file entry_1.pdb (PDB, C-alpha atoms, pLDDT in the B column)
MODEL        1
ATOM      1  CA  MET A 161      38.118 -23.733  61.093  1.00 64.00           C
ATOM      2  CA  VAL A 162      37.155 -24.252  57.463  1.00 66.00           C
ATOM      3  CA  THR A 163      39.910 -23.381  55.000  1.00 85.00           C
ATOM      4  CA  ASN A 164      38.531 -24.792  51.731  1.00 89.00           C
ATOM      5  CA  TYR A 165      35.181 -25.268  50.089  1.00 92.00           C
ATOM      6  CA  ILE A 166      34.875 -28.452  48.045  1.00 94.00           C
ATOM      7  CA  SER A 167      31.400 -29.164  46.726  1.00 95.00           C
ATOM      8  CA  ASP A 168      29.764 -32.450  47.656  1.00 96.00           C
ATOM      9  CA  LYS A 169      29.076 -32.807  43.929  1.00 98.00           C
ATOM     10  CA  ALA A 170      32.783 -32.597  42.976  1.00 97.00           C
ATOM     11  CA  LYS A 171      34.729 -35.735  42.040  1.00 98.00           C
ATOM     12  CA  VAL A 172      38.286 -35.612  43.334  1.00 97.00           C
ATOM     13  CA  GLY A 173      40.872 -38.194  42.248  1.00 97.00           C
ATOM     14  CA  LYS A 174      43.591 -39.915  44.247  1.00 98.00           C
ATOM     15  CA  ASN A 175      46.557 -38.051  45.731  1.00 98.00           C
ATOM     16  CA  VAL A 176      45.036 -34.624  45.078  1.00 97.00           C
ATOM     17  CA  LYS A 177      46.457 -31.798  47.199  1.00 96.00           C
ATOM     18  CA  ILE A 178      44.353 -28.666  47.644  1.00 95.00           C
ATOM     19  CA  TRP A 179      46.003 -25.825  49.562  1.00 94.00           C
ATOM     20  CA  HIS A 180      44.359 -23.254  51.828  1.00 93.00           C
ATOM     21  CA  PHE A 181      41.297 -21.159  50.998  1.00 95.00           C
ATOM     22  CA  ALA A 182      40.589 -22.859  47.650  1.00 96.00           C
ATOM     23  CA  TYR A 183      37.098 -23.205  46.153  1.00 96.00           C
ATOM     24  CA  VAL A 184      35.962 -26.215  44.089  1.00 97.00           C
ATOM     25  CA  GLY A 185      32.437 -25.925  42.694  1.00 96.00           C
ATOM     26  CA  ASP A 186      29.656 -28.291  41.711  1.00 97.00           C
ATOM     27  CA  ASN A 187      30.234 -31.020  39.127  1.00 98.00           C
ATOM     28  CA  VAL A 188      33.998 -30.437  38.973  1.00 98.00           C
ATOM     29  CA  GLU A 189      36.076 -33.484  38.049  1.00 98.00           C
ATOM     30  CA  ILE A 190      39.687 -33.497  39.218  1.00 98.00           C
ATOM     31  CA  GLY A 191      42.014 -36.280  38.068  1.00 98.00           C
ATOM     32  CA  ASN A 192      44.700 -38.067  40.051  1.00 98.00           C
ATOM     33  CA  ASP A 193      47.879 -36.448  41.389  1.00 98.00           C
ATOM     34  CA  VAL A 194      46.636 -32.874  40.892  1.00 98.00           C
ATOM     35  CA  LYS A 195      47.898 -29.977  43.025  1.00 98.00           C
ATOM     36  CA  ILE A 196      45.789 -26.844  43.513  1.00 98.00           C
ATOM     37  CA  GLY A 197      47.308 -23.769  45.129  1.00 96.00           C
ATOM     38  CA  SER A 198      45.939 -21.467  47.813  1.00 96.00           C
ATOM     39  CA  LEU A 199      43.165 -19.005  46.973  1.00 96.00           C
ATOM     40  CA  THR A 200      42.380 -20.754  43.694  1.00 97.00           C
ATOM     41  CA  HIS A 201      38.772 -20.694  42.487  1.00 98.00           C
ATOM     42  CA  ILE A 202      37.568 -23.569  40.309  1.00 98.00           C
ATOM     43  CA  ASP A 203      33.985 -22.907  39.294  1.00 96.00           C
ATOM     44  CA  TYR A 204      31.300 -25.443  38.351  1.00 96.00           C
ATOM     45  CA  ASN A 205      31.420 -28.023  35.505  1.00 97.00           C
ATOM     46  CA  VAL A 206      35.217 -27.905  35.143  1.00 98.00           C
ATOM     47  CA  LYS A 207      37.323 -30.942  34.237  1.00 98.00           C
ATOM     48  CA  ILE A 208      41.004 -31.203  35.185  1.00 98.00           C
ATOM     49  CA  GLY A 209      43.244 -34.053  33.992  1.00 98.00           C
ATOM     50  CA  ASP A 210      45.826 -36.100  35.894  1.00 98.00           C
ATOM     51  CA  ASN A 211      49.187 -34.696  37.046  1.00 98.00           C
ATOM     52  CA  THR A 212      48.175 -31.069  36.609  1.00 98.00           C
ATOM     53  CA  LEU A 213      49.632 -28.304  38.779  1.00 98.00           C
ATOM     54  CA  ILE A 214      47.542 -25.192  39.356  1.00 98.00           C
ATOM     55  CA  GLU A 215      49.350 -22.536  41.385  1.00 98.00           C
ATOM     56  CA  GLY A 216      47.729 -20.072  43.789  1.00 97.00           C
ATOM     57  CA  LEU A 217      45.331 -17.236  42.959  1.00 98.00           C
ATOM     58  CA  VAL A 218      44.177 -18.877  39.712  1.00 98.00           C
ATOM     59  CA  TYR A 219      40.605 -18.442  38.441  1.00 98.00           C
ATOM     60  CA  ILE A 220      39.130 -21.251  36.352  1.00 98.00           C
ATOM     61  CA  PRO A 221      35.631 -20.428  35.126  1.00 97.00           C
ATOM     62  CA  PRO A 222      32.666 -22.738  34.528  1.00 96.00           C
ATOM     63  CA  LEU A 223      32.793 -25.126  31.577  1.00 97.00           C
ATOM     64  CA  SER A 224      36.605 -25.073  31.248  1.00 98.00           C
ATOM     65  CA  ARG A 225      38.556 -28.185  30.278  1.00 98.00           C
ATOM     66  CA  ILE A 226      42.149 -28.684  31.387  1.00 98.00           C
ATOM     67  CA  GLY A 227      44.161 -31.634  30.138  1.00 98.00           C
ATOM     68  CA  ARG A 228      46.799 -33.848  31.716  1.00 98.00           C
ATOM     69  CA  ASN A 229      50.254 -32.659  32.813  1.00 98.00           C
ATOM     70  CA  VAL A 230      49.283 -28.976  32.568  1.00 98.00           C
ATOM     71  CA  PHE A 231      50.996 -26.217  34.551  1.00 98.00           C
ATOM     72  CA  ILE A 232      49.077 -23.019  35.351  1.00 98.00           C
ATOM     73  CA  GLY A 233      51.162 -20.320  37.024  1.00 98.00           C
ATOM     74  CA  PRO A 234      50.147 -18.042  39.888  1.00 98.00           C
ATOM     75  CA  GLY A 235      47.456 -15.466  39.258  1.00 98.00           C
ATOM     76  CA  ALA A 236      46.444 -16.729  35.819  1.00 98.00           C
ATOM     77  CA  ALA A 237      42.848 -15.969  34.849  1.00 98.00           C
ATOM     78  CA  LEU A 238      40.714 -17.891  32.403  1.00 98.00           C
ATOM     79  CA  THR A 239      37.502 -16.163  31.352  1.00 96.00           C
ATOM     80  CA  ASN A 240      34.077 -17.461  30.357  1.00 95.00           C
ATOM     81  CA  ASP A 241      32.103 -14.606  28.772  1.00 93.00           C
ATOM     82  CA  PRO A 242      33.578 -12.961  25.665  1.00 90.00           C
ATOM     83  CA  TYR A 243      31.127 -10.027  25.943  1.00 90.00           C
ATOM     84  CA  PRO A 244      30.384  -9.595  29.654  1.00 89.00           C
ATOM     85  CA  PRO A 245      27.874  -9.616  31.094  1.00 91.00           C
ATOM     86  CA  SER A 246      26.098 -11.447  28.279  1.00 92.00           C
ATOM     87  CA  GLY A 247      25.046 -14.412  30.410  1.00 87.00           C
ATOM     88  CA  LYS A 248      26.107 -16.785  27.622  1.00 92.00           C
ATOM     89  CA  LEU A 249      29.109 -18.699  28.926  1.00 93.00           C
ATOM     90  CA  ILE A 250      31.810 -20.748  27.229  1.00 95.00           C
ATOM     91  CA  GLY A 251      34.880 -22.202  28.904  1.00 95.00           C
ATOM     92  CA  VAL A 252      38.539 -22.295  27.990  1.00 98.00           C
ATOM     93  CA  THR A 253      40.259 -25.481  26.803  1.00 98.00           C
ATOM     94  CA  ILE A 254      43.866 -26.176  27.758  1.00 98.00           C
ATOM     95  CA  GLU A 255      45.159 -29.343  26.137  1.00 98.00           C
ATOM     96  CA  ASP A 256      47.686 -31.858  27.540  1.00 98.00           C
ATOM     97  CA  ASN A 257      51.200 -30.756  28.525  1.00 98.00           C
ATOM     98  CA  ALA A 258      50.517 -27.032  28.110  1.00 98.00           C
ATOM     99  CA  ILE A 259      52.157 -24.374  30.275  1.00 98.00           C
ATOM    100  CA  ILE A 260      50.353 -21.181  31.268  1.00 98.00           C
ATOM    101  CA  GLY A 261      52.605 -18.507  32.783  1.00 98.00           C
ATOM    102  CA  SER A 262      51.911 -16.360  35.809  1.00 98.00           C
ATOM    103  CA  LYS A 263      49.282 -13.620  35.389  1.00 98.00           C
ATOM    104  CA  ALA A 264      48.333 -14.781  31.868  1.00 98.00           C
ATOM    105  CA  VAL A 265      44.743 -14.028  30.829  1.00 98.00           C
ATOM    106  CA  ILE A 266      42.897 -16.311  28.417  1.00 98.00           C
ATOM    107  CA  LYS A 267      39.726 -15.192  26.639  1.00 97.00           C
ATOM    108  CA  ALA A 268      36.558 -17.267  26.797  1.00 97.00           C
ATOM    109  CA  GLY A 269      36.284 -19.944  24.113  1.00 97.00           C
ATOM    110  CA  VAL A 270      40.022 -20.074  23.371  1.00 98.00           C
ATOM    111  CA  THR A 271      41.897 -23.379  23.031  1.00 98.00           C
ATOM    112  CA  ILE A 272      45.524 -23.655  24.093  1.00 98.00           C
ATOM    113  CA  GLY A 273      46.949 -26.493  21.996  1.00 98.00           C
ATOM    114  CA  LYS A 274      48.794 -29.564  23.221  1.00 98.00           C
ATOM    115  CA  ASN A 275      52.372 -28.869  24.380  1.00 98.00           C
ATOM    116  CA  SER A 276      51.973 -25.098  23.953  1.00 98.00           C
ATOM    117  CA  VAL A 277      53.285 -22.383  26.246  1.00 98.00           C
ATOM    118  CA  VAL A 278      51.617 -19.079  27.135  1.00 98.00           C
ATOM    119  CA  ALA A 279      54.165 -16.626  28.537  1.00 98.00           C
ATOM    120  CA  MET A 280      53.690 -14.822  31.828  1.00 98.00           C
ATOM    121  CA  GLY A 281      51.470 -11.778  31.506  1.00 98.00           C
ATOM    122  CA  ALA A 282      50.270 -12.706  28.014  1.00 98.00           C
ATOM    123  CA  VAL A 283      46.704 -11.888  26.987  1.00 98.00           C
ATOM    124  CA  VAL A 284      45.447 -14.670  24.730  1.00 98.00           C
ATOM    125  CA  THR A 285      42.520 -13.695  22.504  1.00 97.00           C
ATOM    126  CA  LYS A 286      42.841 -16.415  19.840  1.00 97.00           C
ATOM    127  CA  ASP A 287      43.513 -20.155  19.763  1.00 98.00           C
ATOM    128  CA  ILE A 288      47.151 -21.199  20.182  1.00 98.00           C
ATOM    129  CA  PRO A 289      48.108 -24.159  17.973  1.00 98.00           C
ATOM    130  CA  PRO A 290      49.915 -27.192  19.395  1.00 98.00           C
ATOM    131  CA  ASP A 291      53.661 -27.004  20.101  1.00 98.00           C
ATOM    132  CA  MET A 292      53.924 -23.199  20.013  1.00 98.00           C
ATOM    133  CA  VAL A 293      54.916 -20.413  22.428  1.00 98.00           C
ATOM    134  CA  ALA A 294      52.697 -17.310  22.647  1.00 98.00           C
ATOM    135  CA  VAL A 295      53.862 -14.032  24.215  1.00 98.00           C
ATOM    136  CA  GLY A 296      52.660 -10.450  24.585  1.00 98.00           C
ATOM    137  CA  VAL A 297      49.547  -8.312  24.726  1.00 97.00           C
ATOM    138  CA  PRO A 298      47.752  -9.397  22.663  1.00 97.00           C
ATOM    139  CA  ALA A 299      49.600 -12.704  22.487  1.00 97.00           C
ATOM    140  CA  ILE A 300      51.414 -13.591  19.273  1.00 96.00           C
ATOM    141  CA  LEU A 301      53.211 -16.783  18.302  1.00 96.00           C
ATOM    142  CA  LYS A 302      56.930 -16.318  19.037  1.00 96.00           C
ATOM    143  CA  TYR A 303      58.633 -19.693  18.528  1.00 95.00           C
ATOM    144  CA  SER A 304      58.182 -23.464  18.842  1.00 96.00           C
ATOM    145  CA  ARG A 305      57.879 -25.560  21.989  1.00 95.00           C
ATOM    146  CA  GLU A 306      61.046 -27.333  20.874  1.00 96.00           C
ATOM    147  CA  GLU A 307      62.922 -24.021  21.074  1.00 96.00           C
ATOM    148  CA  TYR A 308      61.322 -23.301  24.462  1.00 95.00           C
ATOM    149  CA  ASP A 309      62.472 -26.681  25.808  1.00 95.00           C
ATOM    150  CA  LYS A 310      65.983 -25.993  24.497  1.00 95.00           C
ATOM    151  CA  LYS A 311      66.057 -22.595  26.270  1.00 94.00           C
ATOM    152  CA  GLN A 312      64.753 -24.222  29.456  1.00 94.00           C
ATOM    153  CA  ASN A 313      67.453 -26.910  29.376  1.00 94.00           C
ATOM    154  CA  GLU A 314      70.180 -24.304  28.792  1.00 95.00           C
ATOM    155  CA  TRP A 315      68.864 -22.343  31.774  1.00 94.00           C
ATOM    156  CA  LYS A 316      68.812 -25.423  34.020  1.00 93.00           C
ATOM    157  CA  ASN A 317      72.318 -26.487  33.029  1.00 93.00           C
ATOM    158  CA  ASN A 318      74.044 -23.109  33.461  1.00 90.00           C
TER     159      ASN A 318
ENDMDL
END

call {"tool": "encode", "arguments": {"input": "entry_1.pdb", "output": "structure tokens"}}
result
Amino acid sequence: MVTNYISDKAKVGKNVKIWHFAYVGDNVEIGNDVKIGSLTHIDYNVKIGDNTLIEGLVYIPPLSRIGRNVFIGPGAALTNDPYPPSGKLIGVTIEDNAIIGSKAVIKAGVTIGKNSVVAMGAVVTKDIPPDMVAVGVPAILKYSREEYDKKQNEWKNN
């Protein structure tokens, strides 16, 4: 029984774990120590950096670039055509150490800056600068990553 499709043209690093019913397309490059959840679709010409965690039900369109140490929550959707169906595609860029919350949607061509956080359910239509937290529909900048980390530590320690 086949549970995954991984293209023969994909390059998969060491210690990569791909859960059930995932799709990995042509010319995808996956770094080392990456985890990809069930029912995730990674289309062609995508690059994913080391130590990235992609939860289940995520869609990553062609031409997207995902950095190292990125977290993408369940059901997040990246898009690749700002005016569908134009046929002119552009990927999404997610830089190192970014966090994308569950069910977030990111518009084609957008860059999520290094160390930034996109809240769950946010709809990102513009670039998010490094070290910022974006929330809402449409997403707006709410506070710094430093404040986010402080809130996270308080949560963990209480």

call {"tool": "closest_residue", "arguments": {"input": "entry_1.pdb", "among": "A:Glu215, A:Asn240, A:Pro222, A:Thr285", "to": "A:Ile259", "atoms": "all atoms listed in the file"}}
result
A:Glu215

call {"tool": "residues_near_point", "arguments": {"input": "entry_1.pdb", "point": "(32.2, -29.4, 38.1)", "cutoff": "10 Å", "atoms": "all atoms listed in the file", "output": "PyMOL selection string"}}
result
chain A and resi 167+169-171+184-190+202-208+222-224

call {"tool": "closest_residue", "arguments": {"input": "entry_1.pdb", "among": "A:Val252, A:Val172, A:Leu213, A:Val277", "to": "A:Gly197", "atoms": "all atoms listed in the file"}}
result
A:Leu213

call {"tool": "residues_around", "arguments": {"input": "entry_1.pdb", "residues": "stretch 176-179 of chain A", "least_positions_apart": "3", "cutoff": "6 Å", "atoms": "all atoms listed in the file", "output": "MDAnalysis selection string"}}
result
chainID A and resid 193:198

call {"tool": "write_last_selection", "arguments": {"input": "entry_1.pdb", "atoms": "C-alpha atoms", "output": "PDB file, in the coordinates of the input"}}
result
ATOM      1  CA  ASP A 193      47.879 -36.448  41.389  1.00 98.00           C
ATOM      2  CA  VAL A 194      46.636 -32.874  40.892  1.00 98.00           C
ATOM      3  CA  LYS A 195      47.898 -29.977  43.025  1.00 98.00           C
ATOM      4  CA  ILE A 196      45.789 -26.844  43.513  1.00 98.00           C
ATOM      5  CA  GLY A 197      47.308 -23.769  45.129  1.00 96.00           C
ATOM      6  CA  SER A 198      45.939 -21.467  47.813  1.00 96.00           C
TER       7      SER A 198
END

call {"tool": "atom_distance", "arguments": {"input": "entry_1.pdb", "atom1": "atom CA of A:Lys316", "atom2": "atom CA of A:Ala299"}}
result
25.8 Å

call {"tool": "atom_distance", "arguments": {"input": "entry_1.pdb", "atom1": "atom CA of A:Gly235", "atom2": "atom CA of A:Ile266"}}
result
11.8 Å

call {"tool": "resolve_selection", "arguments": {"input": "entry_1.pdb", "expression": "the PyMOL selection byres ((chain A and resi 296) around 8)", "output": "count of residues only"}}
result
10

call {"tool": "residues_around", "arguments": {"input": "entry_1.pdb", "residues": "stretch 305-315 of chain A", "least_positions_apart": "3", "cutoff": "12 Å", "atoms": "only C-alpha atoms", "output": "ChimeraX atom specification"}}
result
/A:257-259,273-279,288-295,301-302,318

call {"tool": "atom_distance", "arguments": {"input": "entry_1.pdb", "atom1": "atom CA of A:Gly216", "atom2": "atom CA of A:Ile254"}}
result
17.6 Å

call {"tool": "residues_near_point", "arguments": {"input": "entry_1.pdb", "point": "(33.0, -16.8, 30.5)", "cutoff": "7 Å", "atoms": "all atoms listed in the file", "output": "list in words"}}
result
Pro221, Thr239, Asn240, Asp241, Pro242, Leu249, Ile250, Gly251 and Ala268 of chain A

call {"tool": "closest_residue", "arguments": {"input": "entry_1.pdb", "among": "A:Thr271, A:Asn175, A:Asn229, A:Asn192", "to": "A:Val284", "atoms": "all atoms listed in the file"}}
result
A:Thr271

call {"tool": "closest_residue", "arguments": {"input": "entry_1.pdb", "among": "A:Val265, A:Ile214, A:Leu199, A:Ile166", "to": "A:His180", "atoms": "only C-alpha atoms"}}
result
A:Leu199

call {"tool": "resolve_selection", "arguments": {"input": "entry_1.pdb", "expression": "the PyMOL selection byres ((chain A and resi 227) around 6)", "output": "MDAnalysis selection string"}}
result
chainID A and resid 208:209 226 228 254:256

call {"tool": "residues_around", "arguments": {"input": "entry_1.pdb", "residues": "A:Asn164", "least_positions_apart": "4", "cutoff": "7 Å", "atoms": "only C-alpha atoms", "output": "PyMOL selection string"}}
result
chain A and resi 180-183

call {"tool": "closest_residue", "arguments": {"input": "entry_1.pdb", "among": "A:Ser262, A:Ser246, A:Asn211, A:Thr253", "to": "A:Gly173", "atoms": "all atoms listed in the file"}}
result
A:Asn211

call {"tool": "resolve_selection", "arguments": {"input": "entry_1.pdb", "expression": "the PyMOL selection byres ((chain A and resi 219) around 8)", "output": "number ranges by chain"}}
result
A: 200-202, 217-218, 220-221, 235-238

call {"tool": "axis_aligned_box", "arguments": {"input": "entry_1.pdb", "around": "stretch 251-264 of chain A", "padding_each_side": "6 Å", "output": "AutoDock Vina command-line options"}}
result
--center_x 43.7 --center_y -22.7 --center_z 31.0 --size_x 29.7 --size_y 30.2 --size_z 21.7

call {"tool": "decode", "arguments": {"input": "entry_1.pdb", "residues": "stretch 174-185 of chain A", "atoms": "all heavy atoms", "output": "compact mmCIF listing (two decimals), in the first residue's frame"}}
result
# COMPACT_ATOMS: atom_id res chain seq x y z
N LYS A 174 19.00 14.09 5.31
CA LYS A 174 19.11 13.05 6.33
C LYS A 174 18.10 13.27 7.44
O LYS A 174 17.78 14.41 7.79
CB LYS A 174 20.52 13.05 6.93
CG LYS A 174 21.60 12.70 5.94
CD LYS A 174 22.97 12.79 6.57
CE LYS A 174 24.05 12.54 5.52
NZ LYS A 174 25.38 12.78 6.06
N ASN A 175 17.64 12.16 8.01
CA ASN A 175 16.73 12.18 9.16
C ASN A 175 15.43 12.93 8.89
O ASN A 175 14.87 13.56 9.79
CB ASN A 175 17.42 12.76 10.40
CG ASN A 175 18.65 11.98 10.78
OD1 ASN A 175 18.63 10.76 10.83
ND2 ASN A 175 19.74 12.69 11.03
N VAL A 176 14.95 12.88 7.67
CA VAL A 176 13.68 13.50 7.32
C VAL A 176 12.56 12.50 7.62
O VAL A 176 12.66 11.34 7.26
CB VAL A 176 13.65 13.93 5.83
CG1 VAL A 176 12.27 14.39 5.42
CG2 VAL A 176 14.68 15.02 5.60
N LYS A 177 11.50 12.99 8.27
CA LYS A 177 10.34 12.15 8.55
C LYS A 177 9.14 12.72 7.80
O LYS A 177 8.81 13.89 7.96
CB LYS A 177 10.06 12.12 10.05
CG LYS A 177 11.11 11.38 10.84
CD LYS A 177 10.76 11.32 12.30
CE LYS A 177 11.71 10.50 13.12
NZ LYS A 177 13.08 10.64 12.94
N ILE A 178 8.54 11.90 6.97
CA ILE A 178 7.36 12.31 6.20
C ILE A 178 6.22 11.38 6.59
O ILE A 178 6.29 10.17 6.37
CB ILE A 178 7.64 12.24 4.68
CG1 ILE A 178 8.83 13.15 4.32
CG2 ILE A 178 6.40 12.63 3.90
CD1 ILE A 178 9.28 13.07 2.87
N TRP A 179 5.16 11.95 7.16
CA TRP A 179 4.04 11.17 7.65
C TRP A 179 3.12 10.77 6.50
O TRP A 179 3.34 11.12 5.35
CB TRP A 179 3.32 11.93 8.76
CG TRP A 179 4.22 12.08 9.94
CD1 TRP A 179 4.95 13.19 10.26
CD2 TRP A 179 4.58 11.08 10.90
NE1 TRP A 179 5.73 12.94 11.37
CE2 TRP A 179 5.52 11.66 11.78
CE3 TRP A 179 4.20 9.77 11.09
CZ2 TRP A 179 6.07 10.95 12.86
CZ3 TRP A 179 4.75 9.07 12.17
CH2 TRP A 179 5.67 9.67 13.02
N HIS A 180 2.04 10.10 6.83
CA HIS A 180 1.16 9.45 5.86
C HIS A 180 0.48 10.42 4.88
O HIS A 180 0.10 11.52 5.24
CB HIS A 180 0.07 8.66 6.59
CG HIS A 180 0.62 7.61 7.49
ND1 HIS A 180 1.47 6.64 7.05
CD2 HIS A 180 0.46 7.40 8.81
CE1 HIS A 180 1.80 5.86 8.07
NE2 HIS A 180 1.20 6.30 9.14
N PHE A 181 0.32 9.92 3.65
CA PHE A 181 -0.44 10.57 2.60
C PHE A 181 0.09 11.95 2.22
O PHE A 181 -0.67 12.84 1.85
CB PHE A 181 -1.94 10.64 2.97
CG PHE A 181 -2.50 9.32 3.35
CD1 PHE A 181 -2.87 9.06 4.66
CD2 PHE A 181 -2.62 8.29 2.42
CE1 PHE A 181 -3.37 7.81 5.03
CE2 PHE A 181 -3.12 7.05 2.78
CZ PHE A 181 -3.49 6.82 4.09
N ALA A 182 1.39 12.15 2.33
CA ALA A 182 2.02 13.41 1.93
C ALA A 182 2.45 13.32 0.46
O ALA A 182 2.68 12.23 -0.08
CB ALA A 182 3.23 13.69 2.81
N TYR A 183 2.55 14.49 -0.17
CA TYR A 183 2.98 14.60 -1.56
C TYR A 183 4.19 15.52 -1.62
O TYR A 183 4.16 16.63 -1.06
CB TYR A 183 1.85 15.19 -2.41
CG TYR A 183 2.25 15.46 -3.85
CD1 TYR A 183 2.04 14.50 -4.83
CD2 TYR A 183 2.83 16.67 -4.21
CE1 TYR A 183 2.42 14.75 -6.15
CE2 TYR A 183 3.20 16.92 -5.53
CZ TYR A 183 3.00 15.96 -6.49
OH TYR A 183 3.37 16.18 -7.79
N VAL A 184 5.25 15.07 -2.29
CA VAL A 184 6.46 15.87 -2.50
C VAL A 184 6.75 15.84 -3.99
O VAL A 184 7.05 14.79 -4.56
CB VAL A 184 7.66 15.32 -1.69
CG1 VAL A 184 8.91 16.13 -1.97
CG2 VAL A 184 7.34 15.31 -0.19
N GLY A 185 6.68 17.02 -4.63
CA GLY A 185 6.78 17.11 -6.08
C GLY A 185 8.19 17.16 -6.63
O GLY A 185 9.19 17.07 -5.90
